[in-house]
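Asker: Submitted below is the structure of interest, expressed as structure tokens.
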Amino acid sequence: MAVPGAETSDEALAAQAAAGDEPAFEDLVIRYQARVFRLARRLTGDDGDAQDALQEAFLQVHRGLPSFRGEARFSTWLYRIATNAALMQRRARRRRPAESLEAYLPRFDAKGEHAATPAELHAPCRVEELLDRQILAEKARAGLERLPDLYREAFVLRDLEELPTSEVAEVLGLEPAAVRQRVHRARLMLRGYLGALTGVKP
Amino acid sequence: MNAGLACASGASLLMDYLEDALPADIRRDLESHVAGCPRCTAFVASYRETPRIVREASAVAMPPGLEASLLRFLRARRGN
């Protein structure tokens with residue numbers, strides 16, 4: 001039995017929930033709902049979509065629990081379901097195509113040296129002192145929204161939800177090297193975008 | 001430019017560098033290039049700061065009331 005005071009593991013709760021223990025299922029919901037909502041909000045860019053994805057994800061978890069055999073950690077399995085639910089919501093609401101962030105990638109001259117000055121290159125570090133906190137939050141969310149889907153998923157899971165690269169690879173069904181490549185590209189674009197908010201070219 | 005590595009190649013290696021996924025010799029070349037290049041030093045600093053800035057800006061909490069309505073929704077659907 002569980003050690004007194006120790007939290008029951010996700011996998012133990014999942015096994016109980018799979019056997020029809022509804023309070024165990026609700027314990028999992030309560031444990032993860034805030035993280036799933038935040039993930040869905042970051043992936044969809046919209047409160048309503050995030051709420052729908054949250055509901056859909058936990059419905060799918062409930063349905064899938066009997067066949068969840070614990071090949072993956074419960075959290076990895078949940079993140080996969082939640083990520084897919086969020087992307088379905090995002091796609092269902094056809095948005096106008098966002099202007100690409102490609103223009104914010106770093107620029108190099110013919111010799112492969114940075115085209116910008118050190119001060120310009122340092123600009124993204126200064127957005128917090130130069131912009132009002134709320135404006136910065138709005139702009140940063142807008143930047144996230146403008147990332148191509150391909151890069152947004154990996155970036156959100158790795159850098160915003162702070163999952164290890166190996167777990168992001170499992171969630172997305174990719175090799176770790178592919179995750180690193182996508183996250184890197186997202187960081188480069190967002191870095192240039194943040195710098196541009198201070199009036200500086202990437 | 002120094003240590004036989006251009007800024008552009010260095011920049012392309014940053015993620016692997018920060019995740020400790022580079023061979024030792026390339027890692028050393030990168031470190032020595034960045035140490036001698038003010039542009040890359042600034043670039044690396046901003047590259048490392050970017051995820052934190054976006055993370056803090058997008059760290060939304062669940063709207064009040066959503067927790068209760070989620071449980072109600074799931075109970076109703078499971079009851080069907």
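Chain identifiers are assigned as A, B, and so on, following the order in which chains appear in the structure tokens; residues are numbered from 1 within each chain, and ligands are numbered from 1 in order of appearance.
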Taking only C-alpha atoms into account, which residues of chain A are within 7 Å of chain B, as a PDB file with C-alpha atoms, in the first residue's frame?

Answerer:
```
ATOM      1  CA  ALA A  34      -4.377  23.198 -14.889  1.00  0.00           C
ATOM      2  CA  PHE A  37      -5.482  23.857 -19.831  1.00  0.00           C
ATOM      3  CA  ARG A  38      -2.246  25.855 -19.980  1.00  0.00           C
ATOM      4  CA  ARG A  42      -0.567  27.869 -25.512  1.00  0.00           C
ATOM      5  CA  GLN A  55     -12.858  18.612 -21.969  1.00  0.00           C
ATOM      6  CA  LEU A  59     -13.069  12.402 -22.168  1.00  0.00           C
ATOM      7  CA  PHE A 108      24.475  36.542 -41.623  1.00  0.00           C
ATOM      8  CA  GLY A 112      28.790  33.767 -42.171  1.00  0.00           C
ATOM      9  CA  GLU A 113      29.200  36.543 -39.610  1.00  0.00           C
ATOM     10  CA  HIS A 114      26.261  38.178 -37.814  1.00  0.00           C
ATOM     11  CA  THR A 117      25.625  44.695 -34.030  1.00  0.00           C
ATOM     12  CA  PRO A 118      26.068  43.221 -30.532  1.00  0.00           C
ATOM     13  CA  LEU A 121      21.617  41.113 -31.091  1.00  0.00           C
ATOM     14  CA  HIS A 122      21.131  41.701 -27.380  1.00  0.00           C
ATOM     15  CA  PRO A 124      15.515  40.460 -27.060  1.00  0.00           C
ATOM     16  CA  CYS A 125      16.998  40.426 -23.536  1.00  0.00           C
ATOM     17  CA  ALA A 137       2.753  39.269 -22.600  1.00  0.00           C
ATOM     18  CA  ALA A 140       4.824  37.258 -26.866  1.00  0.00           C
ATOM     19  CA  ARG A 141       1.537  35.363 -27.175  1.00  0.00           C
ATOM     20  CA  ASP A 159      10.343  25.220 -23.634  1.00  0.00           C
ATOM     21  CA  LEU A 160       7.018  26.322 -22.179  1.00  0.00           C
ATOM     22  CA  ARG A 180      15.814  19.794 -31.040  1.00  0.00           C
ATOM     23  CA  HIS A 184      15.789  25.578 -32.192  1.00  0.00           C
ATOM     24  CA  ARG A 187      13.616  29.910 -30.555  1.00  0.00           C
ATOM     25  CA  LEU A 188      15.377  31.680 -33.432  1.00  0.00           C
ATOM     26  CA  LEU A 190      10.759  34.182 -31.484  1.00  0.00           C
ATOM     27  CA  ARG A 191      14.091  35.640 -30.471  1.00  0.00           C
TER      28      ARG A 191
END
```

Asker: Please provide as a PyMOL selection string all residues within 8 Å of region 70-81 of chain A, with the sequence filter that same-chain residues fewer than 3 positions apart are discarded (counting only C-alpha atoms).

Answerer: chain A and resi 10-11+14+36+57+60-61+84-85+167+170-172

Asker: Could you work out how far CA of Leu105 (chain A) lies from CA of Glu145 (chain A), giving the answer in Å with one decimal?

Answerer: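 Between CA of Glu145 (chain A) and CA of Leu105 (chain A) the gap is 16.3 Å.
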
Asker: Any chance you could list, as a PyMOL selection string, the residues in region 5-197 of chain A that come up alpha helix (DSSP H) when DSSP is run on the backbone?

Answerer: chain A and resi 10-18+22-44+47-64+74-92+118-122+127-130+133-146+149-155+165-172+176-196

Asker: For a test of reading the model, state the distance in Å between CA of Val183 (chain A) and CA of Val156 (chain A), rounded to one decimal.

Answerer: 8.6 Å

Asker: What is the distance between CA of Arg152 (chain A) and CA of Ser166 (chain A), in Å to one decimal?

Answerer: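 Here the two named atoms are 16.9 Å from each other.
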
Asker: Of the candidates A:Leu13, A:Leu101, A:Ile135, A:Val127, which one gets nearest to Asp27 (chain A) if we count only C-alpha atoms?

Answerer: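 For Asp27 (chain A), the nearest of the candidates is A:Leu13.
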
Asker: Using only C-alpha atoms, which protein or nucleic acid residues come within 10 Å of Ala169 (chain A)? Drop anything in the same chain fewer than 3 positions from it, and give the result as a list in words.

Answerer: Thr76, Ala154, Leu157, Arg158, Leu163, Pro164, Thr165, Ser166, Leu172, Gly173, Leu174, Glu175, Pro176, Ala177, Ala178, Val179 and Arg180 of chain A

Asker: Write a file of the selected residues as a CSV table (one decimal), in the first residue's frame, keeping C-alpha atoms.

Answerer:
```csv
chain,number,residue,atom,x,y,z
A,76,THR,CA,3.3,11.3,-21.6
A,154,ALA,CA,7.7,21.1,-30.1
A,157,LEU,CA,6.1,21.2,-25.0
A,158,ARG,CA,9.9,21.6,-24.6
A,163,LEU,CA,9.2,18.5,-20.7
A,164,PRO,CA,12.6,16.9,-21.3
A,165,THR,CA,13.4,16.5,-25.0
A,166,SER,CA,13.2,12.7,-24.8
A,172,LEU,CA,5.1,13.8,-30.8
A,173,GLY,CA,6.4,10.5,-32.2
A,174,LEU,CA,9.7,12.1,-33.4
A,175,GLU,CA,13.4,11.4,-32.9
A,176,PRO,CA,15.0,13.7,-30.2
A,177,ALA,CA,17.2,15.2,-32.9
A,178,ALA,CA,14.1,16.3,-34.8
A,179,VAL,CA,12.6,17.8,-31.7
A,180,ARG,CA,15.8,19.8,-31.0
```

Asker: Pick out the residues sitting within 12 Å of Arg28 (chain B), and hand them over as a list in words; count only C-alpha atoms, and ignore anything fewer than 4 positions along from it in its own chain.

Answerer: Ala3, Gly4, Leu5, Gly10, Leu13, Tyr17, Asp20, Leu22, Pro23, Ala24, Ser32, His33, Val34 and Ala35 of chain B

Asker: Tell me which protein, DNA and RNA residues are within 12 Å of Arg91 (chain A), counting only C-alpha atoms, leaving out same-chain ones fewer than 6 positions away, and put them as a list in words.

Answerer: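 The filter keeps Leu43, Thr44, Gly45, Asp49, Ala53, Asn84, Ala85, Pro97 and Asp149 of chain A.
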